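J.: What follows is run-v9.txt, made up of compact mmCIF, C-alpha atoms:
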```txt
# COMPACT_ATOMS: atom_id res chain seq x y z
CA MET A 13 0.00 0.00 0.00
CA ASN A 14 1.08 3.55 -0.60
CA GLN A 15 0.85 6.21 2.10
CA LYS A 16 -2.67 7.32 1.17
CA GLU A 17 -3.91 3.73 1.12
CA LYS A 18 -2.32 3.06 4.51
CA ALA A 19 -3.99 6.14 5.97
CA LEU A 20 -7.39 5.06 4.71
CA ALA A 21 -6.87 1.50 5.95
CA PHE A 22 -5.85 2.81 9.36
CA ALA A 23 -8.94 5.00 9.67
CA ALA A 24 -11.14 2.04 8.73
CA LEU A 25 -9.79 0.05 11.69
CA HIS A 26 -11.52 2.43 14.11
CA LYS A 27 -14.87 0.80 14.82
CA LYS A 28 -17.06 1.73 17.76
CA GLY A 29 -17.49 -1.38 19.88
CA ASP A 30 -14.76 -3.26 18.00
CA PRO A 31 -11.64 -1.26 18.84
CA VAL A 32 -8.33 -1.42 17.03
CA VAL A 33 -5.60 -2.38 19.51
CA LEU A 34 -2.29 -0.52 19.37
CA TYR A 35 0.55 -1.98 21.44
CA ASN A 36 2.85 1.01 21.43
CA ILE A 37 6.38 0.79 20.04
CA TRP A 38 9.53 2.92 20.21
CA ASP A 39 11.92 1.87 17.43
CA ALA A 40 12.22 -0.29 14.33
CA GLY A 41 13.02 -3.39 16.37
CA SER A 42 9.94 -3.13 18.55
CA ALA A 43 7.90 -2.31 15.45
CA LYS A 44 8.99 -5.54 13.79
CA ALA A 45 8.24 -7.60 16.91
CA VAL A 46 4.74 -6.16 17.37
CA ALA A 47 4.00 -6.50 13.65
CA GLU A 48 5.03 -10.17 13.72
CA ALA A 49 2.77 -10.67 16.75
CA GLY A 50 -0.25 -9.84 14.60
CA ALA A 51 -0.75 -6.09 14.82
CA ARG A 52 -2.79 -4.46 12.07
CA ALA A 53 -1.22 -1.04 12.63
CA LEU A 54 1.61 0.45 14.68
CA ALA A 55 1.71 3.43 17.02
CA THR A 56 4.70 4.96 18.77
CA GLY A 57 4.64 6.26 22.34
CA SER A 58 6.40 9.55 23.04
CA TRP A 59 7.48 8.56 26.56
CA SER A 60 8.89 5.28 25.27
CA ILE A 61 10.81 6.83 22.38
CA ALA A 62 12.27 9.44 24.72
CA ALA A 63 13.34 6.88 27.34
CA ALA A 64 14.76 4.50 24.74
CA HIS A 65 17.00 7.25 23.37
CA GLY A 66 18.11 8.80 26.66
CA PHE A 67 15.71 11.74 26.88
CA GLY A 68 12.93 12.82 29.20
CA ASP A 69 9.35 13.07 28.00
CA GLY A 70 7.84 16.36 26.88
CA GLU A 71 9.37 17.08 23.45
CA LYS A 72 12.90 16.55 24.75
CA VAL A 73 13.74 14.31 21.76
CA PRO A 74 15.11 16.61 19.03
CA LEU A 75 12.61 16.98 16.21
CA ALA A 76 15.14 15.87 13.58
CA LEU A 77 15.92 12.71 15.57
CA LEU A 78 12.24 11.92 16.08
CA THR A 79 11.66 12.33 12.35
CA ASP A 80 14.53 9.94 11.62
CA ILE A 81 13.13 7.39 14.09
CA ALA A 82 9.72 7.63 12.42
CA ARG A 83 11.32 7.11 9.00
CA LEU A 84 13.19 4.03 10.23
CA ILE A 85 10.03 2.55 11.74
CA VAL A 86 8.01 3.18 8.58
CA GLY A 87 10.78 1.60 6.52
CA SER A 88 10.75 -1.52 8.68
CA THR A 89 7.11 -2.47 8.11
CA GLU A 90 4.27 -2.56 5.62
CA LEU A 91 1.77 -1.60 8.33
CA PRO A 92 0.38 1.91 8.83
CA VAL A 93 2.41 3.87 11.37
CA THR A 94 1.06 6.68 13.54
CA VAL A 95 3.38 8.82 15.67
CA ASP A 96 2.82 10.24 19.14
CA PHE A 97 3.77 13.83 18.37
CA GLU A 98 2.91 15.46 21.71
CA GLY A 99 2.24 19.17 21.00
CA ALA A 100 3.80 19.24 17.50
CA TYR A 101 6.86 20.99 18.93
CA SER A 102 5.24 24.43 18.74
CA ASP A 103 2.29 26.36 20.15
CA ASP A 104 2.02 28.23 16.86
CA PRO A 105 -0.48 26.60 14.46
CA ALA A 106 1.53 27.19 11.27
CA THR A 107 4.80 26.02 12.79
CA GLY A 108 3.17 22.95 14.29
CA ALA A 109 1.64 22.06 10.92
CA ALA A 110 5.03 22.45 9.24
CA ASN A 111 6.53 20.10 11.82
CA VAL A 112 3.81 17.53 11.18
CA SER A 113 4.57 17.80 7.47
CA ARG A 114 8.01 16.41 8.24
CA LEU A 115 6.37 13.27 9.64
CA ILE A 116 4.33 12.94 6.46
CA ASP A 117 7.62 13.10 4.55
CA ALA A 118 8.83 10.26 6.78
CA GLY A 119 5.84 8.14 5.77
CA ALA A 120 3.66 8.42 8.87
CA ILE A 121 -0.11 8.31 8.34
CA GLY A 122 -1.24 9.90 11.59
CA ILE A 123 -0.35 11.48 14.92
CA ASN A 124 -1.46 11.81 18.48
CA PHE A 125 -1.77 15.54 19.14
CA GLU A 126 -2.33 16.71 22.70
CA ASP A 127 -3.89 19.82 24.19
CA GLN A 128 -1.67 20.14 27.24
CA VAL A 129 0.77 23.04 27.36
CA VAL A 130 3.98 21.05 26.98
CA GLY A 131 6.47 21.74 29.75
CA LYS A 132 3.95 23.75 31.77
CA SER A 133 0.69 23.13 33.57
CA GLY A 134 -2.81 23.22 32.18
CA VAL A 135 -4.27 22.78 28.72
CA HIS A 136 -4.66 25.12 25.80
CA ALA A 137 -7.94 26.98 25.43
CA ILE A 138 -10.38 25.11 23.21
CA GLU A 139 -10.25 27.77 20.50
CA LYS A 140 -6.46 27.76 20.37
CA GLN A 141 -6.24 23.97 20.22
CA ALA A 142 -8.89 23.87 17.52
CA ALA A 143 -6.86 26.37 15.49
CA ARG A 144 -3.77 24.19 15.83
CA ILE A 145 -5.70 21.11 14.67
CA ARG A 146 -7.22 23.05 11.77
CA ALA A 147 -3.77 24.10 10.56
CA ILE A 148 -2.58 20.48 10.55
CA ARG A 149 -5.74 19.33 8.77
CA GLU A 150 -5.41 21.98 6.07
CA MET A 151 -1.72 21.19 5.54
CA ALA A 152 -2.36 17.45 5.21
CA ASP A 153 -5.29 18.03 2.85
CA ARG A 154 -3.13 20.23 0.64
CA ARG A 155 -0.64 17.39 0.49
CA GLY A 156 -3.35 14.92 -0.46
CA VAL A 157 -2.85 12.66 2.58
CA PRO A 158 -5.95 11.59 4.58
CA PHE A 159 -3.85 12.03 7.70
CA PHE A 160 -5.36 10.68 10.95
CA ILE A 161 -5.25 13.32 13.69
CA ASN A 162 -5.94 11.65 17.03
CA ALA A 163 -6.79 14.69 19.14
CA ARG A 164 -5.88 14.06 22.76
CA THR A 165 -7.19 15.90 25.79
CA ASP A 166 -5.06 15.82 28.91
CA LEU A 167 -7.83 16.90 31.27
CA PHE A 168 -7.97 13.49 32.95
CA LEU A 169 -4.23 12.88 32.85
CA GLN A 170 -3.59 16.13 34.71
CA ALA A 171 -6.21 15.37 37.37
CA SER A 172 -4.28 13.20 39.82
CA ASP A 173 -7.41 12.26 41.77
CA ALA A 174 -9.71 10.03 39.73
CA ALA A 175 -12.60 11.32 41.83
CA GLU A 176 -12.25 14.57 39.88
CA HIS A 177 -12.82 12.89 36.51
CA ALA A 178 -16.63 12.93 36.58
CA GLY A 179 -16.53 16.69 36.86
CA LEU A 180 -14.33 16.96 33.78
CA VAL A 181 -16.41 14.89 31.37
CA ASP A 182 -18.57 17.75 30.08
CA GLU A 183 -15.52 19.86 29.28
CA ALA A 184 -13.88 16.88 27.61
CA ILE A 185 -16.96 16.33 25.45
CA ALA A 186 -16.95 20.00 24.46
CA ARG A 187 -13.30 19.72 23.50
CA GLY A 188 -13.97 16.61 21.45
CA ARG A 189 -16.73 18.38 19.54
CA ALA A 190 -14.54 21.40 18.82
CA PHE A 191 -11.67 19.18 17.75
CA ALA A 192 -13.95 17.26 15.40
CA GLU A 193 -15.16 20.50 13.81
CA ALA A 194 -11.52 21.54 13.34
CA GLY A 195 -10.75 18.37 11.39
CA ALA A 196 -9.62 15.77 13.93
CA ASN A 197 -10.28 12.10 13.15
CA GLY A 198 -10.13 10.61 16.64
CA PHE A 199 -10.52 11.67 20.28
CA PHE A 200 -8.07 10.38 22.90
CA VAL A 201 -8.88 10.51 26.64
CA PRO A 202 -5.83 9.04 28.41
CA TRP A 203 -6.10 8.22 32.13
CA LEU A 204 -9.89 8.03 32.10
CA VAL A 205 -10.69 4.54 33.46
CA ASP A 206 -14.25 4.67 34.81
CA ALA A 207 -16.31 2.55 32.40
CA ASP A 208 -19.47 4.63 32.86
CA LEU A 209 -17.64 7.88 32.19
CA ILE A 210 -15.92 6.36 29.16
CA ALA A 211 -19.32 5.26 27.84
CA LYS A 212 -20.64 8.79 28.32
CA VAL A 213 -17.78 10.26 26.31
CA CYS A 214 -18.22 7.66 23.56
CA ALA A 215 -21.96 8.31 23.34
CA ALA A 216 -21.41 12.06 22.96
CA SER A 217 -18.48 11.92 20.54
CA SER A 218 -18.82 11.94 16.77
CA LEU A 219 -15.19 10.81 16.65
CA PRO A 220 -13.88 7.32 17.45
CA VAL A 221 -12.71 7.37 21.06
CA ASN A 222 -9.28 6.14 22.15
CA VAL A 223 -8.65 4.88 25.71
CA MET A 224 -5.27 4.01 27.22
CA MET A 225 -4.81 0.67 28.93
CA ARG A 226 -3.21 1.27 32.31
CA PRO A 227 -3.49 -0.19 35.80
CA GLY A 228 -7.10 0.20 36.84
CA ALA A 229 -8.45 0.42 33.31
CA PRO A 230 -11.36 -1.83 32.27
CA ASP A 231 -10.53 -4.90 30.21
CA PRO A 232 -10.77 -4.59 26.40
CA LYS A 233 -14.16 -6.36 26.29
CA THR A 234 -15.63 -3.84 28.73
CA LEU A 235 -14.14 -0.98 26.75
CA ALA A 236 -15.66 -2.35 23.56
CA GLY A 237 -19.03 -2.50 25.28
CA ALA A 238 -18.63 1.14 26.30
CA GLY A 239 -18.22 2.10 22.65
CA VAL A 240 -14.46 2.56 22.49
CA ALA A 241 -12.98 2.41 18.98
CA ARG A 242 -9.25 2.41 19.80
CA VAL A 243 -7.21 0.96 22.65
CA SER A 244 -3.56 1.87 23.15
CA TYR A 245 -0.97 0.93 25.73
CA GLY A 246 1.16 4.06 26.05
CA PRO A 247 4.48 3.64 27.86
CA PHE A 248 3.62 0.34 29.52
CA PRO A 249 5.04 -2.04 26.86
CA TYR A 250 8.40 -0.26 27.06
CA ARG A 251 8.40 -0.31 30.85
CA ALA A 252 7.57 -4.02 30.90
CA MET A 253 10.33 -4.78 28.38
CA MET A 254 12.93 -2.83 30.34
CA GLU A 255 11.94 -4.57 33.58
CA LYS A 256 12.29 -7.96 31.87
CA LEU A 257 15.69 -6.95 30.49
CA LYS A 258 16.79 -5.82 33.95
CA GLN A 259 15.68 -9.08 35.53
CA ASP A 260 17.45 -11.14 32.89
CA ALA A 261 20.63 -9.11 33.34
CA GLN A 262 20.45 -9.49 37.12
CA ALA A 263 20.20 -13.24 36.69
CA VAL A 264 23.43 -13.16 34.69
CA TYR A 265 25.39 -10.83 36.94
CA GLN A 266 24.23 -12.31 40.23
CA ALA A 267 24.73 -15.94 39.22
```
Go ahead and express the file in the form of structure tokens.
T.:
Amino acid sequence: MNQKEKALAFAALHKKGDPVVLYNIWDAGSAKAVAEAGARALATGSWSIAAAHGFGDGEKVPLALLTDIARLIVGSTELPVTVDFEGAYSDDPATGAANVSRLIDAGAIGINFEDQVVGKSGVHAIEKQAARIRAIREMADRRGVPFFINARTDLFLQASDAAEHAGLVDEAIARGRAFAEAGANGFFVPWLVDADLIAKVCAASSLPVNVMMRPGAPDPKTLAGAGVARVSYGPFPYRAMMEKLKQDAQAVYQA
């Protein structure tokens, strides 16, 4: 498949109640392993890529290096590849869109794009985030790529107490609607784990909803029943792999 065909195939995998499962990767080696395990598409995790290359999370990986990593991953597989692109490395809509264009050059067919103010606290105003999404959508359309923008809200991630999540659902739904109008293709609500609240978001969203699997999250069957269309694993595959590597190494050095 060419890039346009991969993008269309990736979008078609998002089915409410029958979610596409993305076991997040961080380099060409992990991409190959997950592809061979039966994945139908591949998604990077920003935290995992940063940790694997000696950086902290939060756009600490140089943009040129991240672009090279994306190109290597795309070149290692025939599957569609979407990249966790945090805040597009700029608050400015035009600059962010130009940065995303570099990922399109690398062969990526989509991104995660978050509304948190990277490196600071809080989230961007709805209008500003919508403008940033619109700029990316218009750039991708000009390039003729049906690029999948998975618009992420960090409202729940930034609320450390899960008891606060119910009070954030209405704002999250409003953000999802604005992001859809701006041209997003998916709506990502990481750290939301209450099945009833997830179902409420799914019912109100015109976009396929993405939930992150983390400790405390419902099982995939429950998420499907709630109307989720995409399940991803974030940094947890990388963390599990590094823990296994550490244990294996300890067995060697402590023998």
J.: Find, counting all atoms listed in the file, the residue in A:Arg187, A:Lys44, A:Arg242, A:Lys233 that gets nearest to Ala24 in chain A.
T.: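 Selected residue with least distance to Ala24 in chain A: A:Arg242.
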J.: Point out the residue among A:Val130, A:Val73, A:Val157, A:Ala163 with the least atom-to-atom distance to Ile61 in chain A, counting all atoms listed in the file.
T.: A:Val73
J.: Between A:Asp231, A:Asp182, A:Asp96, A:Glu17, single out the one closest to Asn36 in chain A, counting only C-alpha atoms.
T.: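 Checking each of A:Asp231, A:Asp182, A:Asp96, A:Glu17 against Asn36 in chain A, counting only C-alpha atoms, the winner is A:Asp96.
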J.: Pick from A:Arg83, A:Lys28, A:Lys18, A:His177: nearest to Leu209 in chain A, with all atoms listed in the file counted?
T.: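 Of A:Arg83, A:Lys28, A:Lys18, A:His177, the one nearest Leu209 in chain A, counting all atoms listed in the file, is A:His177.
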J.: List the neighbours of Asp127 in chain A out to 7 Å using only C-alpha atoms; skip same-chain residues closer than 4 positions along the sequence, and give me the result as a list in words.
T.: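 Residues meeting the cut-off are Gly99, Val135, His136, Gln141, Arg164, Thr165 and Asp166 of chain A.
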J.: Residues within 7 Å of Ala100 in chain A, please, as a list in words. Count only C-alpha atoms; anything in the same chain fewer than 5 positions from it doesn't count.
T.: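 Final neighbour list, sorted by chain and number: Gly108, Asn111, Val112 and Phe125 of chain A.
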J.: Please produce a file of those selected residues containing C-alpha atoms, as a CSV table (one decimal), in the frame of the given file.
T.:
```csv
chain,number,residue,atom,x,y,z
A,108,GLY,CA,3.2,23.0,14.3
A,111,ASN,CA,6.5,20.1,11.8
A,112,VAL,CA,3.8,17.5,11.2
A,125,PHE,CA,-1.8,15.5,19.1
```
J.: Could you list, as number ranges by chain, every residue within 8 Å of Val33 in chain A, counting all atoms listed in the file and ignoring same-chain residues fewer than 4 positions away?
T.: A: 51, 242-244
J.: Next, the residues of the selection above should be written as an mmCIF file, in the coordinates of the input with C-alpha atoms.
T.:
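The new file result.cif reads:
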```cif
data_model
loop_
_atom_site.group_PDB
_atom_site.id
_atom_site.type_symbol
_atom_site.label_atom_id
_atom_site.label_comp_id
_atom_site.auth_asym_id
_atom_site.auth_seq_id
_atom_site.Cartn_x
_atom_site.Cartn_y
_atom_site.Cartn_z
ATOM 1 C CA ALA A 51 -0.750 -6.090 14.820
ATOM 2 C CA ARG A 242 -9.250 2.410 19.800
ATOM 3 C CA VAL A 243 -7.210 0.960 22.650
ATOM 4 C CA SER A 244 -3.560 1.870 23.150
#
```
J.: Which of these, A:Ala21, A:Leu204, A:Met225, A:Ile145, has the shortest distance to Tyr35 in chain A once you count all atoms listed in the file?
T.: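 Ranked by minimum distance to Tyr35 in chain A, first place goes to A:Met225.
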J.: Under the rule that only C-alpha atoms are counted, which of A:Ile185, A:Leu115, A:Ala192, A:Ala174 is the nearest residue to Ala152 in chain A?
T.: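 Smallest separation from Ala152 in chain A among the options: A:Leu115.
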J.: I'd like the interatomic distance between CA of Thr107 in chain A and CA of Ala184 in chain A, to a tenth of an Å.
T.: 25.5 Å
J.: What is the distance, in Å and to one decimal place, between CA of Thr94 in chain A and CA of Ile123 in chain A?
T.: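 Computed distance, CA of Thr94 in chain A to CA of Ile123 in chain A, equals 5.2 Å.
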J.: List the neighbours of Ser217 in chain A out to 7 Å using only C-alpha atoms; skip same-chain residues closer than 4 positions along the sequence, and give me the result as a ChimeraX atom specification.
T.: /A:185,188-189,213
J.: Include C-alpha atoms and write out the residues we just selected as a short mmCIF file (atom, residue, chain, number, x, y, z; two decimals), keeping the file's coordinate frame.
T.:
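Now in again-v3.cif:
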```cif
data_model
loop_
_atom_site.label_atom_id
_atom_site.label_comp_id
_atom_site.auth_asym_id
_atom_site.auth_seq_id
_atom_site.Cartn_x
_atom_site.Cartn_y
_atom_site.Cartn_z
CA ILE A 185 -16.96 16.33 25.45
CA GLY A 188 -13.97 16.61 21.45
CA ARG A 189 -16.73 18.38 19.54
CA VAL A 213 -17.78 10.26 26.31
#
```
J.: I'd like the interatomic distance between CA of Glu193 in chain A and CA of Phe159 in chain A, to a tenth of an Å.
T.: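 For CA of Glu193 in chain A relative to CA of Phe159 in chain A, the distance reads 15.4 Å.
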J.: Quick one: everything within 10 Å of Lys140 in chain A, counting all atoms listed in the file, minus sequence neighbours fewer than 6 positions away in the same chain. Send it as an MDAnalysis selection string.
T.: chainID A and resid 103:105 127 146
J.: Grab the residues selected above and save them as a PDB file, in the coordinates of the input with C-alpha atoms.
T.:
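out_11.pdb was written with the following content:
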```pdb
ATOM      1  CA  ASP A 103       2.290  26.360  20.150  1.00  0.00           C
ATOM      2  CA  ASP A 104       2.020  28.230  16.860  1.00  0.00           C
ATOM      3  CA  PRO A 105      -0.480  26.600  14.460  1.00  0.00           C
ATOM      4  CA  ASP A 127      -3.890  19.820  24.190  1.00  0.00           C
ATOM      5  CA  ARG A 146      -7.220  23.050  11.770  1.00  0.00           C
TER       6      ARG A 146
END
```
J.: Counting all atoms listed in the file, which residues have an atom no more than 10 Å from (-11.3, -0.8, 18.7) in the file's coordinates? Please list them as number ranges by chain.
T.: A: 25-34, 220-223, 232-233, 235-236, 239-244
